[in-house]
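Student: Got a file for you: structure.cif, mmCIF, C-alpha atoms.
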```cif
data_my_file
loop_
_atom_site.label_atom_id
_atom_site.label_comp_id
_atom_site.auth_asym_id
_atom_site.auth_seq_id
_atom_site.Cartn_x
_atom_site.Cartn_y
_atom_site.Cartn_z
CA MET U 121 -50.98 -32.17 -99.18
CA LYS U 122 -48.14 -32.21 -96.73
CA ALA U 123 -45.54 -29.83 -95.35
CA LYS U 124 -42.14 -31.18 -94.44
CA ILE U 125 -40.44 -28.77 -92.10
CA PHE U 126 -36.75 -28.92 -91.25
CA ILE U 127 -35.35 -27.00 -88.28
CA LYS U 128 -31.67 -26.74 -87.52
CA TYR U 129 -29.40 -24.76 -85.28
CA LYS U 130 -27.86 -21.63 -86.70
CA ASP U 131 -24.18 -21.83 -87.50
CA GLY U 132 -22.14 -21.23 -84.40
CA ILE U 133 -24.78 -22.49 -81.97
CA LEU U 134 -23.46 -25.28 -79.81
CA ASP U 135 -24.85 -28.64 -80.91
CA PRO U 136 -23.25 -31.09 -78.50
CA GLN U 137 -25.65 -33.86 -79.50
CA GLY U 138 -24.58 -33.57 -83.14
CA LYS U 139 -20.92 -33.39 -82.21
CA VAL U 140 -21.04 -36.46 -79.97
CA THR U 141 -23.00 -38.43 -82.58
CA GLY U 142 -20.47 -37.47 -85.25
CA ASN U 143 -17.64 -38.63 -82.98
CA ALA U 144 -19.48 -41.89 -82.30
CA LEU U 145 -19.84 -42.61 -86.03
CA ASN U 146 -16.17 -41.86 -86.48
CA SER U 147 -15.26 -44.20 -83.63
CA ILE U 148 -17.12 -47.13 -85.24
CA GLY U 149 -15.30 -46.63 -88.49
CA VAL U 150 -17.71 -44.47 -90.50
CA LYS U 151 -15.24 -42.11 -92.15
CA GLY U 152 -15.56 -38.99 -94.23
CA ILE U 153 -18.06 -37.02 -92.16
CA ASP U 154 -16.85 -33.47 -91.87
CA SER U 155 -19.54 -32.33 -89.45
CA LEU U 156 -22.89 -33.57 -88.24
CA SER U 157 -25.71 -31.57 -86.75
CA ILE U 158 -28.99 -32.77 -85.31
CA GLY U 159 -32.15 -30.82 -85.93
CA LYS U 160 -35.88 -31.42 -85.99
CA TYR U 161 -38.21 -32.70 -88.65
CA ILE U 162 -41.89 -31.81 -88.44
CA GLU U 163 -44.57 -33.08 -90.77
CA MET U 164 -47.95 -31.44 -91.24
CA GLU U 165 -50.83 -32.85 -93.19
CA PHE U 166 -53.50 -30.69 -94.78
CA ASP U 167 -56.94 -31.33 -96.03
CA ASP U 168 -58.40 -29.63 -99.09
CA ILE U 169 -56.27 -26.51 -99.24
CA THR U 170 -54.25 -24.91 -101.97
CA ARG U 171 -50.49 -25.04 -102.17
CA ASP U 172 -50.31 -21.32 -101.36
CA GLU U 173 -52.44 -21.80 -98.26
CA ALA U 174 -50.30 -24.72 -97.13
CA ASP U 175 -47.20 -22.65 -97.69
CA LYS U 176 -48.58 -19.83 -95.58
CA ILE U 177 -49.61 -22.17 -92.74
CA ALA U 178 -46.19 -23.82 -92.64
CA ASN U 179 -44.38 -20.51 -92.70
CA ASP U 180 -46.64 -18.92 -90.05
CA SER U 181 -46.26 -21.96 -87.79
CA CYS U 182 -42.49 -21.72 -87.98
CA LYS U 183 -42.49 -18.01 -87.26
CA LYS U 184 -45.03 -18.10 -84.44
CA LEU U 185 -44.00 -21.21 -82.56
CA LEU U 186 -41.88 -23.91 -84.12
CA VAL U 187 -38.65 -21.96 -84.50
CA ASN U 188 -36.70 -19.75 -82.13
CA PRO U 189 -35.07 -17.25 -84.49
CA ASN U 190 -32.34 -16.56 -81.92
CA THR U 191 -30.94 -20.05 -82.27
CA GLN U 192 -32.56 -21.83 -85.17
CA THR U 193 -33.20 -21.61 -88.91
CA TYR U 194 -35.80 -23.47 -90.91
CA SER U 195 -36.80 -24.59 -94.35
CA TYR U 196 -39.81 -26.47 -95.62
CA GLU U 197 -41.27 -28.06 -98.67
CA ILE U 198 -44.89 -28.59 -99.63
CA ILE U 199 -45.60 -31.87 -101.35
CA ASN U 200 -48.61 -33.61 -102.81
CA ASP U 201 -48.96 -37.06 -101.35
CA MET R 45 -50.04 -6.13 -47.79
CA THR R 46 -47.70 -7.21 -50.57
CA LYS R 47 -49.25 -9.93 -52.63
CA CYS R 48 -47.27 -12.20 -54.93
CA ALA R 49 -48.56 -14.49 -57.67
CA VAL R 50 -46.65 -17.74 -58.16
CA LEU R 51 -47.60 -19.04 -61.60
CA VAL R 52 -48.24 -22.73 -62.08
CA PHE R 53 -47.94 -24.49 -65.43
CA PRO R 54 -48.36 -28.19 -66.07
CA GLY R 55 -44.88 -29.38 -65.18
CA SER R 56 -43.84 -26.56 -62.82
CA ASN R 57 -42.02 -28.08 -59.87
CA CYS R 58 -40.46 -25.21 -57.95
CA ASP R 59 -43.78 -23.47 -57.31
CA ASN R 60 -44.16 -24.90 -53.82
CA ASP R 61 -40.65 -23.87 -52.80
CA ALA R 62 -41.28 -20.30 -53.95
CA TYR R 63 -44.66 -20.20 -52.23
CA PHE R 64 -43.19 -21.52 -48.96
CA VAL R 65 -40.35 -19.00 -48.93
CA LEU R 66 -42.49 -15.96 -49.69
CA LYS R 67 -45.19 -16.93 -47.21
CA ASN R 68 -43.13 -18.26 -44.32
CA ILE R 69 -39.87 -16.36 -44.54
CA PHE R 70 -41.02 -13.04 -45.96
CA LYS R 71 -44.52 -13.21 -44.49
CA ILE R 72 -46.17 -11.81 -47.58
CA GLU R 73 -49.43 -12.92 -49.11
CA VAL R 74 -48.93 -15.48 -51.86
CA SER R 75 -51.27 -17.29 -54.22
CA PHE R 76 -50.74 -19.93 -56.82
CA VAL R 77 -52.13 -18.77 -60.15
CA TRP R 78 -52.98 -21.45 -62.70
CA HIS R 79 -51.66 -20.83 -66.21
CA LYS R 80 -55.17 -20.78 -67.64
CA ASP R 81 -56.14 -17.78 -65.53
CA SER R 82 -55.87 -14.42 -67.16
CA ASN R 83 -56.09 -11.82 -64.43
CA LEU R 84 -53.28 -10.62 -62.18
CA ASP R 85 -54.88 -7.34 -61.11
CA SER R 86 -54.58 -7.96 -57.39
CA TYR R 87 -50.87 -8.81 -57.35
CA HIS R 88 -47.87 -6.61 -56.66
CA MET R 89 -45.29 -9.02 -57.95
CA ILE R 90 -45.20 -12.09 -60.19
CA LEU R 91 -42.93 -15.10 -59.85
CA ILE R 92 -42.54 -17.63 -62.67
CA PRO R 93 -41.06 -20.72 -61.05
CA GLY R 94 -38.74 -23.43 -62.28
CA GLY R 95 -39.75 -26.81 -63.60
CA PHE R 96 -40.53 -28.37 -66.94
CA SER R 97 -43.56 -26.50 -68.20
CA TYR R 98 -45.34 -28.62 -70.81
CA GLY R 99 -42.61 -31.22 -70.46
CA ASP R 100 -40.16 -28.88 -72.22
CA TYR R 101 -41.87 -29.98 -75.46
CA LEU R 102 -40.56 -28.33 -78.61
CA ARG R 103 -38.19 -26.00 -76.67
CA THR R 104 -38.04 -24.99 -73.02
CA GLY R 105 -40.71 -22.37 -72.39
CA ALA R 106 -41.96 -22.41 -75.99
CA ILE R 107 -45.46 -23.69 -75.26
CA ALA R 108 -45.86 -21.92 -71.91
CA LYS R 109 -45.62 -18.57 -73.61
CA PHE R 110 -49.03 -19.18 -75.18
CA SER R 111 -50.76 -19.89 -71.86
CA PRO R 112 -53.46 -17.28 -71.21
CA ILE R 113 -51.67 -16.03 -68.10
CA MET R 114 -48.59 -15.01 -70.06
CA LYS R 115 -50.47 -12.35 -72.01
CA GLU R 116 -51.37 -10.86 -68.64
CA VAL R 117 -47.76 -11.16 -67.39
CA VAL R 118 -46.54 -9.22 -70.43
CA SER R 119 -49.23 -6.59 -69.88
CA LYS R 120 -48.43 -6.21 -66.15
CA SER R 121 -44.71 -6.07 -66.82
CA LYS R 122 -45.31 -3.11 -69.13
CA LYS R 123 -46.98 -1.36 -66.20
CA GLY R 124 -43.91 -1.81 -64.00
CA ILE R 125 -45.02 -4.79 -61.91
CA PRO R 126 -41.91 -6.77 -60.86
CA VAL R 127 -41.60 -10.12 -62.61
CA ILE R 128 -38.98 -12.66 -61.61
CA GLY R 129 -38.48 -15.80 -63.69
CA ILE R 130 -36.34 -18.51 -62.17
CA CYS R 131 -34.84 -21.33 -64.24
CA ASN R 132 -37.75 -22.49 -66.45
CA GLY R 133 -39.32 -19.13 -65.59
CA PHE R 134 -36.30 -17.43 -67.19
CA GLN R 135 -36.67 -19.67 -70.25
CA ILE R 136 -40.33 -18.66 -70.54
CA LEU R 137 -39.47 -14.94 -70.26
CA LEU R 138 -36.98 -15.33 -73.12
CA GLU R 139 -39.49 -17.15 -75.31
CA CYS R 140 -42.04 -14.41 -74.59
CA GLY R 141 -39.59 -11.76 -75.64
CA LEU R 142 -39.67 -9.97 -72.28
CA LEU R 143 -35.94 -10.62 -72.12
CA PRO R 144 -33.51 -10.95 -75.05
CA GLY R 145 -31.45 -13.97 -76.07
CA ALA R 146 -31.96 -17.70 -75.57
CA LEU R 147 -30.89 -20.58 -73.37
CA ILE R 148 -29.49 -23.64 -75.06
CA ASN R 149 -28.05 -26.96 -73.86
CA ASN R 150 -25.27 -26.75 -71.30
CA LYS R 151 -21.94 -27.04 -73.05
CA ASN R 152 -21.36 -30.55 -71.64
CA ILE R 153 -25.00 -31.62 -72.36
CA LYS R 154 -25.40 -32.69 -68.74
CA PHE R 155 -28.18 -31.75 -66.39
CA LEU R 156 -26.32 -29.78 -63.72
CA SER R 157 -27.56 -29.88 -60.15
CA GLN R 158 -25.04 -28.18 -57.90
CA ASN R 159 -24.31 -25.12 -55.83
CA VAL R 160 -22.75 -22.23 -57.70
CA LYS R 161 -21.26 -18.90 -56.76
CA LEU R 162 -22.63 -15.77 -58.38
CA GLU R 163 -21.13 -12.32 -58.54
CA VAL R 164 -23.49 -9.37 -58.29
CA GLN R 165 -22.85 -7.11 -61.28
CA ASP R 166 -25.13 -4.26 -60.49
CA ASN R 167 -26.93 -3.25 -57.33
CA LEU R 168 -29.14 -0.55 -58.79
CA SER R 169 -32.05 -2.70 -59.89
CA MET R 170 -35.09 -3.50 -57.77
CA PHE R 171 -33.82 -7.08 -57.55
CA THR R 172 -30.36 -6.27 -56.23
CA ASN R 173 -30.61 -3.13 -54.11
CA LYS R 174 -29.89 -5.06 -50.89
CA LEU R 175 -26.64 -6.25 -52.43
CA ASN R 176 -23.35 -4.63 -53.29
CA GLU R 177 -21.65 -4.79 -56.65
CA GLY R 178 -19.08 -7.57 -56.43
CA ASP R 179 -20.89 -9.47 -53.66
CA THR R 180 -20.73 -13.22 -53.98
CA LEU R 181 -23.91 -15.24 -53.55
CA GLU R 182 -24.18 -18.99 -53.24
CA MET R 183 -27.23 -20.89 -54.44
CA PRO R 184 -28.13 -23.99 -56.44
CA ILE R 185 -28.61 -24.47 -60.15
CA ALA R 186 -30.60 -27.39 -61.59
CA HIS R 187 -30.90 -27.27 -65.34
CA LYS R 188 -29.88 -28.71 -68.67
CA GLN R 189 -30.64 -25.68 -70.85
CA GLY R 190 -28.95 -22.85 -68.99
CA ASN R 191 -26.33 -21.85 -71.48
CA TYR R 192 -27.17 -18.21 -72.26
CA ILE R 193 -26.55 -16.98 -75.78
CA ALA R 194 -27.33 -13.82 -77.68
CA ASP R 195 -25.87 -11.99 -80.65
CA ILE R 196 -22.91 -9.68 -80.15
CA ASP R 197 -25.02 -6.51 -80.24
CA THR R 198 -27.39 -7.85 -77.57
CA ILE R 199 -24.53 -8.88 -75.30
CA LYS R 200 -22.96 -5.44 -75.70
CA MET R 201 -26.28 -3.74 -75.03
CA LEU R 202 -26.83 -5.81 -71.84
CA LYS R 203 -23.34 -4.97 -70.66
CA ASP R 204 -23.46 -1.26 -71.51
CA ASN R 205 -26.83 -0.80 -69.84
CA ASN R 206 -26.00 -2.69 -66.64
CA ARG R 207 -28.59 -5.30 -67.41
CA ILE R 208 -26.44 -8.26 -66.42
CA ALA R 209 -27.55 -8.78 -62.84
CA PHE R 210 -25.50 -11.85 -61.97
CA LYS R 211 -22.52 -13.68 -63.41
CA TYR R 212 -21.21 -17.14 -62.52
CA LEU R 213 -17.83 -17.16 -60.85
CA ASN R 214 -16.99 -20.60 -62.29
CA ASN R 215 -19.17 -20.79 -65.36
CA PRO R 216 -20.80 -24.23 -65.16
CA ASN R 217 -22.80 -24.27 -68.40
CA GLY R 218 -20.98 -22.25 -71.07
CA SER R 219 -23.11 -19.09 -70.84
CA GLN R 220 -21.73 -16.17 -72.79
CA LEU R 221 -19.94 -13.67 -70.55
CA ASP R 222 -20.72 -16.05 -67.62
CA ILE R 223 -24.25 -14.63 -67.56
CA ALA R 224 -26.51 -16.12 -64.87
CA GLY R 225 -29.25 -13.48 -64.81
CA ILE R 226 -30.39 -10.43 -66.79
CA THR R 227 -32.99 -7.71 -66.48
CA ASN R 228 -35.19 -5.92 -69.00
CA GLU R 229 -34.65 -2.35 -70.13
CA GLU R 230 -37.05 -0.91 -67.56
CA GLY R 231 -35.48 -2.96 -64.78
CA ASN R 232 -38.66 -4.62 -63.54
CA VAL R 233 -38.19 -8.05 -65.13
CA LEU R 234 -35.42 -10.38 -63.96
CA GLY R 235 -34.63 -13.80 -65.38
CA MET R 236 -32.04 -16.03 -63.73
CA MET R 237 -31.09 -19.68 -63.94
CA PRO R 238 -29.92 -20.15 -60.30
CA HIS R 239 -32.57 -20.76 -57.66
CA PRO R 240 -32.72 -18.06 -54.97
CA GLU R 241 -35.87 -19.67 -53.54
CA ARG R 242 -33.79 -22.74 -52.65
CA ALA R 243 -31.32 -20.60 -50.74
CA CYS R 244 -33.44 -18.73 -48.22
CA ASP R 245 -32.67 -20.67 -45.07
CA LYS R 246 -29.28 -21.53 -43.58
CA ILE R 247 -30.51 -25.03 -42.95
CA LEU R 248 -30.33 -25.55 -46.73
CA GLY R 249 -26.70 -24.42 -46.84
CA SER R 250 -27.20 -20.79 -47.86
CA ASP R 251 -29.67 -18.01 -47.33
CA ASP R 252 -28.11 -15.68 -49.90
CA GLY R 253 -31.25 -15.88 -52.04
CA LYS R 254 -33.15 -13.92 -49.39
CA LEU R 255 -31.38 -10.73 -50.42
CA ILE R 256 -32.91 -10.89 -53.88
CA PHE R 257 -36.49 -11.30 -52.62
CA GLN R 258 -35.92 -8.70 -49.89
CA SER R 259 -34.68 -6.27 -52.53
CA ILE R 260 -37.90 -6.64 -54.52
CA ILE R 261 -40.18 -6.41 -51.52
CA ASP R 262 -38.43 -3.42 -49.94
CA SER R 263 -37.98 -1.47 -53.14
CA ARG R 264 -41.61 -1.62 -54.11
CA PHE R 265 -43.70 -1.65 -51.00
#
```
For the file at hand, write its structure as structure tokens.

Tutor:
Amino acid sequence: MKAKIFIKYKDGILDPQGKVTGNALNSIGVKGIDSLSIGKYIEMEFDDITRDEADKIANDSCKKLLVNPNTQTYSYEIIND
Amino acid sequence: MTKCAVLVFPGSNCDNDAYFVLKNIFKIEVSFVWHKDSNLDSYHMILIPGGFSYGDYLRTGAIAKFSPIMKEVVSKSKKGIPVIGICNGFQILLECGLLPGALINNKNIKFLSQNVKLEVQDNLSMFTNKLNEGDTLEMPIAHKQGNYIADIDTIKMLKDNNRIAFKYLNNPNGSQLDIAGITNEEGNVLGMMPHPERACDKILGSDDGKLIFQSIIDSRF
């Protein structure tokens, strides 16, 4: 079982990296992007635990360390692999 | 005799500067305290220096907050011991929740290493009592994540309670309200991005930082 965790900046938080990358794509002719933001992707693998346990571990990890609630939001999904 | 702990994390790089200044300019007793230690009983003040603790992995200060010594820093701060966090030290204090808000990338994404001018906002705290409101101090900054942000209520609360210690005169990094340093509610914890320890001798261009350390030392001991 695996957790796929996605962390992104809250709306309104400056994301210069995302902005510059969006501009770069625009400058090489990739059109149609309204906005681009760059976040983090974290993958966790679990051994022999239930889906509920995996869910709790992923959520606790985000709350205790992985995410700064002042600046970031997160979502995750638990998948069987 | 006043005794100061200078904390050392893997990746701290302003610890020696702070140690040198406190020992040789202020003539107080100073010890390096490794982040894995967990006892600060014999110290009268705590300095969390600048650097790149844990390589800034995940977020600046995010891993350092779980070092054993930080539990003790939080505990001592609740007992009124002065704690000053400079640069990465400020970032660690924010991650620990001893100070509110966060520091994000400078608005131009660049690492800024330059002298800045600060305006003293409040001279009532133990960190600023040798200064006058409106005084201008010059000292260096050296950071990439120094852009202070907080929600509107927090900013208002900091302002209304005179907890903004220093503001930039020419905001270099995009910080809200030009904030360069803030204190906690009790007034014994200061976090600031500029480096007073690098401005304690005229030979380095400015000794304005001395007034901050002198304020702490004189107000407490």

Student: Tell me the residues of chain R close to chain U, meaning within 9 Å using all atoms listed in the file, as a ChimeraX atom specification.

Tutor: /R:102-103,106-107,139,144-153,193-195

Student: Mind giving me the straight-line distance from CA of Ile260 in chain R to CA of Ile125 in chain R in Å, one decimal?

Tutor: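 Straight-line distance from CA of Ile260 in chain R to CA of Ile125 in chain R works out to 10.4 Å.
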
Student: Could you pull the residues within 12 Å of Ser169 in chain R, counting all atoms listed in the file, minus those fewer than 2 positions along the same chain, as a PyMOL selection string?

Tutor: chain R and resi 126+164-167+171-177+205-210+226-234+256+259-260+262-264

Student: Do you have the CA of Val77 in chain R-CA of Cys182 in chain U distance handy?

Tutor: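 Taking CA of Val77 in chain R as the start and CA of Cys182 in chain U as the end point, the length is 29.6 Å.
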
Student: Hey, what comes out of the PyMOL selection byres ((chain U and resi 175) around 12) on this file? Could you write it as number ranges by chain?

Tutor: U: 121-125, 164-166, 169-174, 176-182, 195-199

Student: Suppose you want the space between CA of Leu202 in chain R and CA of Asn215 in chain R; what is it in Å?

Tutor: 18.0 Å

Student: Identify, on the basis of all atoms listed in the file, every residue whose closest approach to Lys47 in chain R does not exceed 9 Å; exclude the query and any residue fewer than 5 positions from it along the same chain; express the result as a list of chain:residue names.

Tutor: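 Contacts, with the query itself left out: R:Ile72, R:Glu73, R:Val74, R:Ser75, R:Ser86, R:Tyr87, R:His88, R:Met89, R:Ile90.
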
Student: Apply the PyMOL selection byres ((chain U and resi 158) around 10) to the file shown and report the selected residues as a list in words.

Tutor: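 On the file shown, the PyMOL selection byres ((chain U and resi 158) around 10) covers Ile127, Lys128, Tyr129, Asp135, Pro136, Gln137, Gly138, Lys139, Thr141, Gly142, Leu156, Ser157, Gly159, Lys160 and Tyr161 of chain U.
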
Student: Applying the PyMOL selection byres ((chain R and resi 92) around 7) to the file I just gave you, which residues come out? Please list them as a list of chain:residue names.

Tutor: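 So the PyMOL selection byres ((chain R and resi 92) around 7), applied here, picks out R:Val50, R:Leu51, R:Ile90, R:Leu91, R:Pro93, R:Gly94, R:Ile128, R:Gly129, R:Ile130, R:Gly133.
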
Student: Around range 56-63 of chain R, with edges along x, y and z and 3 Å added on all six sides, what centre and edge lengths do you get, in Å to one decimal, as JSON?

Tutor:
```
{"center_x": -42.6, "center_y": -24.1, "center_z": -57.5, "size_x": 10.2, "size_y": 13.9, "size_z": 16.6}
```
